[in-house]
$ cat input10.cif   # mmCIF, C-alpha atoms
data_work
loop_
_atom_site.label_atom_id
_atom_site.label_comp_id
_atom_site.auth_asym_id
_atom_site.auth_seq_id
_atom_site.Cartn_x
_atom_site.Cartn_y
_atom_site.Cartn_z
CA MET A 184 4.55 1.78 20.21
CA ARG A 185 5.25 0.10 23.53
CA LEU A 186 6.80 2.06 26.37
CA ARG A 187 8.81 1.04 29.39
CA THR A 188 8.81 3.45 32.32
CA ALA A 189 10.64 3.79 35.62
CA SER A 190 11.18 6.38 38.33
CA ALA A 191 13.28 6.90 41.44
CA THR A 192 13.92 9.55 44.06
CA ASP A 193 16.55 9.98 46.76
CA PRO A 194 17.00 12.72 49.40
CA GLY A 195 20.73 13.02 48.77
CA LEU A 196 23.31 13.41 51.50
CA GLU A 197 22.84 16.98 52.76
CA ARG A 198 19.09 17.67 52.84
CA GLU A 199 16.91 16.78 55.82
CA GLU A 200 13.80 16.58 53.63
CA ASN A 201 13.14 15.28 50.14
CA GLU A 202 11.34 18.21 48.53
CA ASP A 203 10.97 16.40 45.18
CA THR A 204 7.84 14.56 44.06
CA VAL A 205 7.84 12.19 41.10
CA ALA A 206 4.90 10.39 39.49
CA VAL A 207 4.58 7.90 36.63
CA LEU A 208 1.08 6.89 35.50
CA ARG A 209 0.36 4.17 32.94
CA ASN A 210 -2.86 3.89 30.90
CA LYS A 211 -4.65 6.67 32.75
CA ALA A 212 -6.10 10.08 31.78
CA GLY A 213 -6.45 8.96 28.17
CA LEU A 214 -2.68 8.50 27.87
CA ASP A 215 -0.25 5.62 27.47
CA SER A 216 2.10 7.23 29.99
CA LEU A 217 2.30 10.39 32.07
CA LEU A 218 5.58 11.37 33.75
CA VAL A 219 5.85 14.24 36.25
CA VAL A 220 8.77 15.63 38.26
CA CYS A 221 8.28 18.50 40.70
CA ASP A 222 11.07 20.08 42.77
CA GLY A 223 9.69 22.01 45.72
CA MET A 224 11.13 25.12 47.32
CA GLY A 225 10.37 27.01 50.48
CA GLY A 226 12.36 25.00 52.95
CA HIS A 227 11.60 21.84 54.93
CA ALA A 228 7.90 20.91 54.92
CA ALA A 229 6.87 23.81 52.67
CA GLY A 230 8.93 22.63 49.70
CA GLN A 231 7.74 19.04 50.00
CA THR A 232 4.17 20.26 50.42
CA ALA A 233 4.39 22.44 47.31
CA SER A 234 5.77 19.69 45.08
CA SER A 235 3.23 17.19 46.41
CA ILE A 236 0.26 19.52 45.87
CA ALA A 237 1.51 20.43 42.39
CA THR A 238 1.92 16.79 41.34
CA LYS A 239 -1.39 15.59 42.78
CA THR A 240 -3.37 18.52 41.37
CA PHE A 241 -1.76 18.24 37.93
CA THR A 242 -2.36 14.50 37.57
CA ALA A 243 -5.90 14.73 38.98
CA ALA A 244 -6.77 17.53 36.56
CA LEU A 245 -5.81 15.34 33.61
CA ALA A 246 -7.60 12.29 35.01
CA GLU A 247 -10.81 14.26 35.50
CA ASP A 248 -10.97 16.56 32.47
CA GLY A 249 -12.67 13.96 30.24
CA ASP A 250 -10.22 14.53 27.39
CA GLU A 251 -7.72 12.16 25.83
CA GLY A 252 -4.33 12.34 24.19
CA PRO A 253 -1.18 14.44 24.59
CA ASP A 254 -2.62 17.87 23.85
CA VAL A 255 -0.53 20.83 25.02
CA ASN A 256 -3.65 22.81 25.91
CA ARG A 257 -4.70 20.01 28.28
CA LEU A 258 -1.32 20.23 29.94
CA LYS A 259 -1.50 24.02 30.20
CA ARG A 260 -4.91 23.82 31.90
CA ALA A 261 -3.66 21.20 34.36
CA CYS A 262 -0.59 23.29 35.04
CA LYS A 263 -2.76 26.33 35.74
CA GLN A 264 -4.80 24.32 38.25
CA ALA A 265 -1.62 23.11 39.95
CA ASN A 266 -0.38 26.70 40.21
CA SER A 267 -3.64 27.88 41.76
CA ALA A 268 -3.67 25.00 44.26
CA VAL A 269 -0.16 25.71 45.53
CA TYR A 270 -0.69 29.48 45.52
CA ASP A 271 -3.96 29.22 47.47
CA ALA A 272 -2.43 26.78 49.99
CA SER A 273 0.47 29.14 50.67
CA ARG A 274 -1.93 32.01 51.34
CA ARG A 275 -3.98 29.93 53.79
CA ASN A 276 -1.04 28.78 55.90
CA PRO A 277 1.55 31.33 57.12
CA ASP A 278 4.14 28.55 57.52
CA TRP A 279 3.93 27.89 53.78
CA GLU A 280 4.14 31.52 52.65
CA GLY A 281 6.24 31.86 49.50
CA MET A 282 6.45 28.14 48.80
CA GLY A 283 6.60 26.96 45.22
CA SER A 284 7.68 24.17 42.93
CA THR A 285 9.01 23.44 39.51
CA LEU A 286 6.87 21.20 37.31
CA THR A 287 8.03 19.22 34.30
CA ALA A 288 5.72 16.68 32.71
CA VAL A 289 5.38 14.66 29.52
CA ALA A 290 2.19 13.02 28.27
CA ILE A 291 2.58 10.21 25.72
CA ARG A 292 0.09 8.38 23.54
CA GLY A 293 0.58 6.50 20.29
CA GLY A 294 4.07 7.80 19.66
CA GLU A 295 3.10 11.43 20.26
CA LEU A 296 4.60 13.31 23.20
CA ALA A 297 3.49 16.62 24.68
CA LEU A 298 5.62 18.45 27.23
CA VAL A 299 4.90 21.21 29.72
CA ASN A 300 7.30 22.78 32.17
CA VAL A 301 7.60 25.64 34.62
CA GLY A 302 10.93 26.17 36.40
CA ASP A 303 14.33 24.59 35.86
CA SER A 304 13.74 20.83 36.19
CA PRO A 305 15.05 19.55 32.84
CA ALA A 306 13.71 17.01 30.37
CA TYR A 307 15.93 15.32 27.80
CA LEU A 308 15.39 13.29 24.65
CA PHE A 309 18.06 10.64 24.00
CA ARG A 310 17.94 9.55 20.35
CA ASN A 311 20.49 7.74 18.18
CA GLY A 312 23.35 8.57 20.53
CA SER A 313 22.50 12.25 20.88
CA ALA A 314 20.99 14.08 23.85
CA LYS A 315 18.71 17.09 23.45
CA MET A 316 17.08 19.32 26.05
CA ILE A 317 13.34 19.50 25.35
CA ALA A 318 12.27 21.52 28.41
CA GLN A 319 12.96 25.23 28.81
CA ASP A 320 15.13 26.49 31.68
CA HIS A 321 13.38 29.23 33.64
CA SER A 322 16.32 30.19 35.81
CA TRP A 323 17.32 33.86 35.73
CA PRO A 324 20.60 33.33 33.81
CA ALA A 325 18.91 31.15 31.18
CA GLU A 326 16.24 33.81 30.62
CA GLN A 327 19.01 36.39 30.18
CA VAL A 328 20.69 34.16 27.59
CA ARG A 329 17.45 33.91 25.59
CA LEU A 330 17.15 37.72 25.72
CA GLY A 331 20.71 38.09 24.47
CA VAL A 332 21.85 39.91 27.63
CA ILE A 333 24.53 37.38 28.59
CA LYS A 334 26.33 34.57 26.78
CA PRO A 335 25.62 30.85 27.44
CA GLU A 336 29.07 30.34 28.95
CA GLU A 337 28.36 33.13 31.45
CA ALA A 338 25.21 31.36 32.63
CA ALA A 339 26.82 28.00 33.44
CA ASP A 340 28.22 29.03 36.84
CA HIS A 341 26.24 32.24 37.35
CA PRO A 342 25.64 33.17 41.03
CA LEU A 343 21.89 33.46 40.31
CA LYS A 344 21.74 30.07 38.57
CA HIS A 345 19.12 28.75 41.00
CA ARG A 346 16.90 31.85 41.05
CA LEU A 347 13.73 31.07 39.11
CA THR A 348 11.78 33.50 36.97
CA ARG A 349 8.82 31.10 36.75
CA ALA A 350 7.57 28.61 39.34
CA ILE A 351 4.36 26.85 40.34
CA GLY A 352 2.51 28.58 43.18
CA VAL A 353 4.73 31.61 43.72
CA TRP A 354 2.67 33.99 41.58
CA GLU A 355 -1.07 34.04 40.96
CA SER A 356 -0.63 33.28 37.27
CA ILE A 357 2.08 31.51 35.28
CA GLN A 358 3.38 31.16 31.75
CA ALA A 359 4.14 27.51 31.05
CA TYR A 360 6.40 26.30 28.26
CA THR A 361 5.03 23.57 25.97
CA ASP A 362 6.30 21.53 23.06
CA LYS A 363 5.41 18.41 21.05
CA VAL A 364 7.70 15.59 19.90
CA LYS A 365 7.11 12.66 17.55
CA LEU A 366 8.73 9.66 19.21
CA GLU A 367 10.78 7.05 17.38
CA GLU A 368 11.68 3.51 18.40
CA GLY A 369 14.65 3.57 20.74
CA ASP A 370 13.95 7.06 22.07
CA THR A 371 14.40 7.61 25.79
CA ILE A 372 12.81 10.54 27.63
CA VAL A 373 14.36 11.55 30.97
CA LEU A 374 12.84 14.05 33.41
CA CYS A 375 14.86 14.95 36.48
CA SER A 376 15.25 17.45 39.27
CA ASP A 377 18.37 19.61 39.21
CA GLY A 378 19.96 17.43 41.88
CA VAL A 379 21.64 15.38 39.16
CA GLU A 380 23.44 18.41 37.73
CA THR A 381 24.12 19.84 41.19
CA ALA A 382 25.93 16.64 42.12
CA GLY A 383 28.19 17.10 39.10
CA VAL A 384 26.83 14.36 36.82
CA SER A 385 26.85 15.54 33.20
CA ILE A 386 24.09 14.77 30.72
CA GLU A 387 26.47 12.45 28.86
CA GLU A 388 27.36 10.51 32.01
CA MET A 389 23.74 10.30 33.12
CA GLY A 390 22.79 8.85 29.75
CA LYS A 391 25.54 6.26 29.79
CA LEU A 392 24.70 5.13 33.32
CA LEU A 393 20.98 5.00 32.58
CA LEU A 394 21.14 3.23 29.22
CA LYS A 395 24.08 0.93 29.89
CA ASP A 396 22.25 -2.41 29.77
CA GLY A 397 18.67 -1.53 28.84
CA ASP A 398 17.38 -2.07 32.38
CA LEU A 399 15.85 1.27 33.37
CA ASP A 400 15.46 0.44 37.07
CA LYS A 401 19.11 -0.59 37.38
CA GLY A 402 20.08 2.45 35.33
CA LEU A 403 18.28 4.80 37.71
CA LYS A 404 20.06 3.18 40.66
CA ARG A 405 23.40 3.72 38.93
CA VAL A 406 22.62 7.42 38.37
CA ILE A 407 21.60 7.95 42.01
CA GLU A 408 24.62 6.02 43.30
CA ARG A 409 26.89 8.17 41.16
CA CYS A 410 25.27 11.36 42.50
CA ARG A 411 25.77 10.09 46.06
CA ASP A 412 29.38 9.17 45.33
CA LEU A 413 29.90 12.82 44.33
CA GLY A 414 28.31 14.16 47.51
CA ALA A 415 24.65 14.53 46.43
CA PRO A 416 24.07 17.99 47.98
CA ASP A 417 20.47 18.11 46.72
CA ASN A 418 17.50 15.78 46.30
CA ILE A 419 17.67 13.54 43.22
CA SER A 420 14.60 12.47 41.24
CA LEU A 421 14.18 10.95 37.80
CA ALA A 422 11.29 9.68 35.67
CA VAL A 423 12.06 7.80 32.47
CA ALA A 424 10.14 6.47 29.46
CA ARG A 425 11.76 4.41 26.71
CA ALA A 426 10.16 3.46 23.40
CA GLU A 427 10.56 -0.28 22.83
CA VAL A 428 12.92 -1.36 20.08
CA ASP A 429 14.01 -4.74 18.68
CA ILE A 430 16.67 -6.05 21.09
CA THR A 431 18.70 -7.46 18.17
CA ALA A 432 19.11 -3.93 16.83
CA THR A 433 20.71 -2.60 20.01
CA ALA A 434 23.78 -4.75 20.45
CA ALA A 435 25.79 -1.66 21.34
CA LEU A 436 24.71 1.78 22.45
CA PRO A 437 26.34 4.57 20.43
CA ARG A 438 28.47 7.12 22.22
CA LEU A 439 26.38 10.02 23.54
CA LYS A 440 27.31 13.32 21.98
CA ARG A 441 27.96 16.39 24.09
CA ILE A 442 25.23 19.01 24.30
CA SER A 443 25.23 22.50 25.70
CA GLN A 444 23.67 22.80 29.14
CA LEU A 445 21.74 25.79 27.82
CA GLU A 446 20.35 24.34 24.60
CA LYS A 447 16.74 25.33 25.04
CA GLY A 448 13.67 25.42 22.86
CA GLY A 449 11.62 28.52 22.16
CA GLY A 450 8.62 29.49 24.21
#

$ encode --input "input10.cif" --output "structure tokens"
Amino acid sequence: MRLRTASATDPGLEREENEDTVAVLRNKAGLDSLLVVCDGMGGHAAGQTASSIATKTFTAALAEDGDEGPDVNRLKRACKQANSAVYDASRRNPDWEGMGSTLTAVAIRGGELALVNVGDSPAYLFRNGSAKMIAQDHSWPAEQVRLGVIKPEEAADHPLKHRLTRAIGVWESIQAYTDKVKLEEGDTIVLCSDGVETAGVSIEEMGKLLLKDGDLDKGLKRVIERCRDLGAPDNISLAVARAEVDITATAALPRLKRISQLEKGGG
């Protein structure tokens, strides 16, 4: 199975710093593709530092572990190393105290995908006109929904929507969410920071803009331009992988179906 990949990041219109870090690696670490999106927090340099350390440590851990393939235990170990690196850095530098980052990553090889995530940076699978969340939201309202304390509709605009219950580097240890997916031809995987949603771009609209003509780079530009048209109050980052399919079989893209913003997997 051949993959096409692309990534893009933009600071948005209201933030002085871009606290997101995005990485796409091809044919490294025993994988066909590795996609990572980290959204830092802590303000100014601390947030950017956290996301950068998390991304570099995570990718280096996979490149150096001597293993191959999209194994969720590999991803958990790399995630643990990223957490320790950010946590230790924040303890060494008072200016970085309390910094942290989300981390969402997918590792792909031979049609098999493994996912790991900590925080609220989402990952979606677009397949046959439908969109499905494959990451788990670790915001406080989403955790309350999974516990049955509040209803999904109460979480959508909850005042604590951006308070995280899990993040890289904030606590000494973490509990990462993992999952595995068998890819099919035509599948598109999209990882993004929450700047897309914060700008007001729905999952359906993001999918249409991204997949409009099959050109992923142009699609990413359309998504970012749309976010900026809507005010782009936060940083915007996306990493995309698309499984190659016969061009004659994709004369028209089917209409993307609506999904719930809080359709999450188990953990």

$ resolve_selection --input "input10.cif" --expression "the PyMOL selection byres ((chain A and resi 260-276) around 10)" --output "VMD selection string"
chain A and resid 229 232 to 246 248 255 to 259 277 to 288 299 to 301 350 to 359

$ atom_distance --input "input10.cif" --atom1 "CA of Thr361 in chain A" --atom2 "CA of Gly302 in chain A"
12.3 Å

$ residues_around --input "input10.cif" --residues "Leu217 in chain A" --least-positions-apart "6" --cutoff "7 Å" --atoms "only C-alpha atoms" --output "ChimeraX atom specification"
/A:207-209,289-291

$ atom_distance --input "input10.cif" --atom1 "CA of Leu413 in chain A" --atom2 "CA of Val379 in chain A"
10.1 Å

$ closest_residue --input "input10.cif" --among "A:Asp222, A:Glu427, A:Glu199, A:Glu387" --to "Thr371 in chain A" --atoms "all atoms listed in the file"
A:Glu427

$ residues_around --input "input10.cif" --residues "Leu399 in chain A" --least-positions-apart "3" --cutoff "8 Å" --atoms "all atoms listed in the file" --output "ChimeraX atom specification"
/A:188-189,393-394,402-403,423

$ atom_distance --input "input10.cif" --atom1 "CA of Asp417 in chain A" --atom2 "CA of Glu326 in chain A"
22.9 Å

$ closest_residue --input "input10.cif" --among "A:Cys410, A:Ala338, A:Ala422, A:Ile333" --to "Val220 in chain A" --atoms "all atoms listed in the file"
A:Ala422

$ closest_residue --input "input10.cif" --among "A:Gly331, A:Pro416, A:Arg187, A:Ser322" --to "Gly397 in chain A" --atoms "only C-alpha atoms"
A:Arg187

$ residues_around --input "input10.cif" --residues "Arg292 in chain A" --least-positions-apart "5" --cutoff "12 Å" --atoms "only C-alpha atoms" --output "ChimeraX atom specification"
/A:184-186,209-218,251-254,297,363-366,424,426

$ closest_residue --input "input10.cif" --among "A:Leu392, A:Ala191, A:Ala314, A:Leu196" --to "Ser376 in chain A" --atoms "all atoms listed in the file"
A:Ala191

$ closest_residue --input "input10.cif" --among "A:Arg409, A:His341, A:Arg346, A:Lys315" --to "Gly378 in chain A" --atoms "all atoms listed in the file"
A:Arg409

$ residues_around --input "input10.cif" --residues "Leu343 in chain A" --least-positions-apart "4" --cutoff "12 Å" --atoms "all atoms listed in the file" --output "ChimeraX atom specification"
/A:321-327,337-339,347-348

$ closest_residue --input "input10.cif" --among "A:Asn201, A:Thr192, A:Asn418, A:Gln231" --to "Ala382 in chain A" --atoms "only C-alpha atoms"
A:Asn418

$ axis_aligned_box --input "input10.cif" --around "range 265-272 of chain A" --padding-each-side "5 Å" --output "lines of an AutoDock Vina configuration file"
center_x = -2.1
center_y = 26.3
center_z = 45.0
size_x = 13.8
size_y = 16.4
size_z = 20.0
